[in-house]
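Contents: one structure, followed by commentary.
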Amino acid sequence: MGYIEELKRVGRDANPFFTLMGIEVGEFGDGRARLTMEVRPDMLNGAGWLQGGIYVALADEAIALALYTLLADNEEIATIDEHTSFIKGVSAGTIAATGRIVRKGRRVAFADGEVRDAADGTLLSRTSTSFAVIRR
């Protein structure tokens with residue numbers, strides 16, 4: 001059973017990182033995906049803001065899930081490059097990440113992601129990625 005089928009069957013438990021971080025799986029398909037996560041006190045940095053790597057990780061997971069919806073059964077992916085711009089910090093509440101595939105080629109895929117405050121839609125970070133598409 002593939003990753004997408006497993007996500008549909010058991011939800012976030014298909015991905016141990018989702019379980020660890022409390023990530024909820026939203027809608028996904030056709031090169032798009034949305035994930036949400038409650039900001040917890042143990043995710044904050046010493047200054048009291050959500051640690052930057054968590055923005056990156058959540059966006060990366062949303063982007064990867066979006067890409068998985070376009071992969072053939074014999075294809076896998078590996079991140080080549082990833083760049084995140086941090087726009088605004090949060091220290092509580094729910095955040096939502098969206099991933100969108102810009103272009104999937106035979107060997108490389110390009111995608112973008114955003115993390116927003118789930119309550120009011122305020123943009124928190126933007127991520128741009130490229131992935132190797134590997135045929136087994």
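To be explicit about the labels: the chains of the structure tokens are called A, B, and onward in the order shown, and within each one the residues are counted from 1, while ligands get numbers from 1 in the order they are shown.
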DSSP strand (DSSP E) residues within range 3-105 of chain A, listed as a ChimeraX atom specification: /A:23-29,32-38,75-86,94-104
Skip range 25-30 of chain A itself and residues of its chain fewer than 4 positions away, then list as a PyMOL selection string all residues within 9 Å of it, counting only C-alpha atoms. chain A and resi 7+11-12+18+34-36+62+65-70+101
Restrict the selected residues to C-alpha atoms and save them as a short mmCIF file (atom, residue, chain, number, x, y, z; two decimals), in the first residue's frame.
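Output below, filename result.cif:
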```cif
data_model
loop_
_atom_site.label_atom_id
_atom_site.label_comp_id
_atom_site.auth_asym_id
_atom_site.auth_seq_id
_atom_site.Cartn_x
_atom_site.Cartn_y
_atom_site.Cartn_z
CA LEU A 7 -3.00 8.40 4.70
CA GLY A 11 -4.85 9.57 8.65
CA ARG A 12 -1.88 11.16 10.35
CA PHE A 18 2.69 13.95 11.90
CA ARG A 34 -3.11 21.35 3.41
CA LEU A 35 -1.94 20.45 6.92
CA THR A 36 -2.68 22.09 10.27
CA ALA A 62 2.61 19.87 2.97
CA LEU A 65 2.25 15.45 0.34
CA ALA A 66 1.12 17.60 -2.59
CA LEU A 67 3.86 16.03 -4.73
CA TYR A 68 2.98 12.50 -3.62
CA THR A 69 -0.47 13.02 -5.13
CA LEU A 70 1.19 13.29 -8.57
CA ILE A 101 3.28 21.81 -7.15
#
```
Long-range neighbours of Leu124 in chain A as a ChimeraX atom specification, 7 Å cut-off, only C-alpha atoms, 2 positions minimum in chain: /A:86-89,115-117,122
Who sits within 8 Å of Val39 in chain A, only C-alpha atoms, same chain under 5 positions skipped, as a VMD selection string: chain A and resid 50 91 to 95
Let's have the selection written as a PDB file, in the first residue's frame, with N, CA and C atoms.
```
ATOM      1  N   LEU A  50       7.495  30.585  17.890  1.00  0.00           N
ATOM      2  CA  LEU A  50       7.579  29.267  17.271  1.00  0.00           C
ATOM      3  C   LEU A  50       8.949  29.132  16.605  1.00  0.00           C
ATOM      4  N   SER A  91       3.229  32.583  18.638  1.00  0.00           N
ATOM      5  CA  SER A  91       3.596  31.884  19.862  1.00  0.00           C
ATOM      6  C   SER A  91       2.468  31.005  20.395  1.00  0.00           C
ATOM      7  N   ALA A  92       1.328  31.029  19.726  1.00  0.00           N
ATOM      8  CA  ALA A  92       0.180  30.211  20.136  1.00  0.00           C
ATOM      9  C   ALA A  92      -0.789  30.105  18.958  1.00  0.00           C
ATOM     10  N   GLY A  93      -1.759  29.222  19.109  1.00  0.00           N
ATOM     11  CA  GLY A  93      -2.805  29.079  18.090  1.00  0.00           C
ATOM     12  C   GLY A  93      -2.542  27.922  17.145  1.00  0.00           C
ATOM     13  N   THR A  94      -3.305  27.901  16.073  1.00  0.00           N
ATOM     14  CA  THR A  94      -3.188  26.865  15.049  1.00  0.00           C
ATOM     15  C   THR A  94      -2.616  27.477  13.787  1.00  0.00           C
ATOM     16  N   ILE A  95      -1.672  26.765  13.177  1.00  0.00           N
ATOM     17  CA  ILE A  95      -1.112  27.215  11.910  1.00  0.00           C
ATOM     18  C   ILE A  95      -1.474  26.207  10.829  1.00  0.00           C
TER      19      ILE A  95
END
```
Could you name the residues that touch Asp81 in chain A at 8 Å or less, counting only C-alpha atoms, but leaving out those on the same chain fewer than 3 positions away, as JSON, numbers by chain? {"A": [129, 130, 131]}
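Closest approach to Arg126 in chain A from the set A:Val102, A:Ala64, A:Val56, A:Ile23 is made by A:Val56, with distances taken over only C-alpha atoms.
One finds CA of Arg136 in chain A at 22.6 Å from CA of Asp60 in chain A.
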Separation of CA of Val133 in chain A from CA of Arg100 in chain A in Å: 15.9 Å
According to DSSP computed on the backbone, where in chain A is there alpha helix (DSSP H)? Give the residues as a PyMOL selection string. chain A and resi 3-10+16-21+52-68
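We find CA of Gly53 in chain A and CA of Ala111 in chain A to be spaced 18.3 Å apart.
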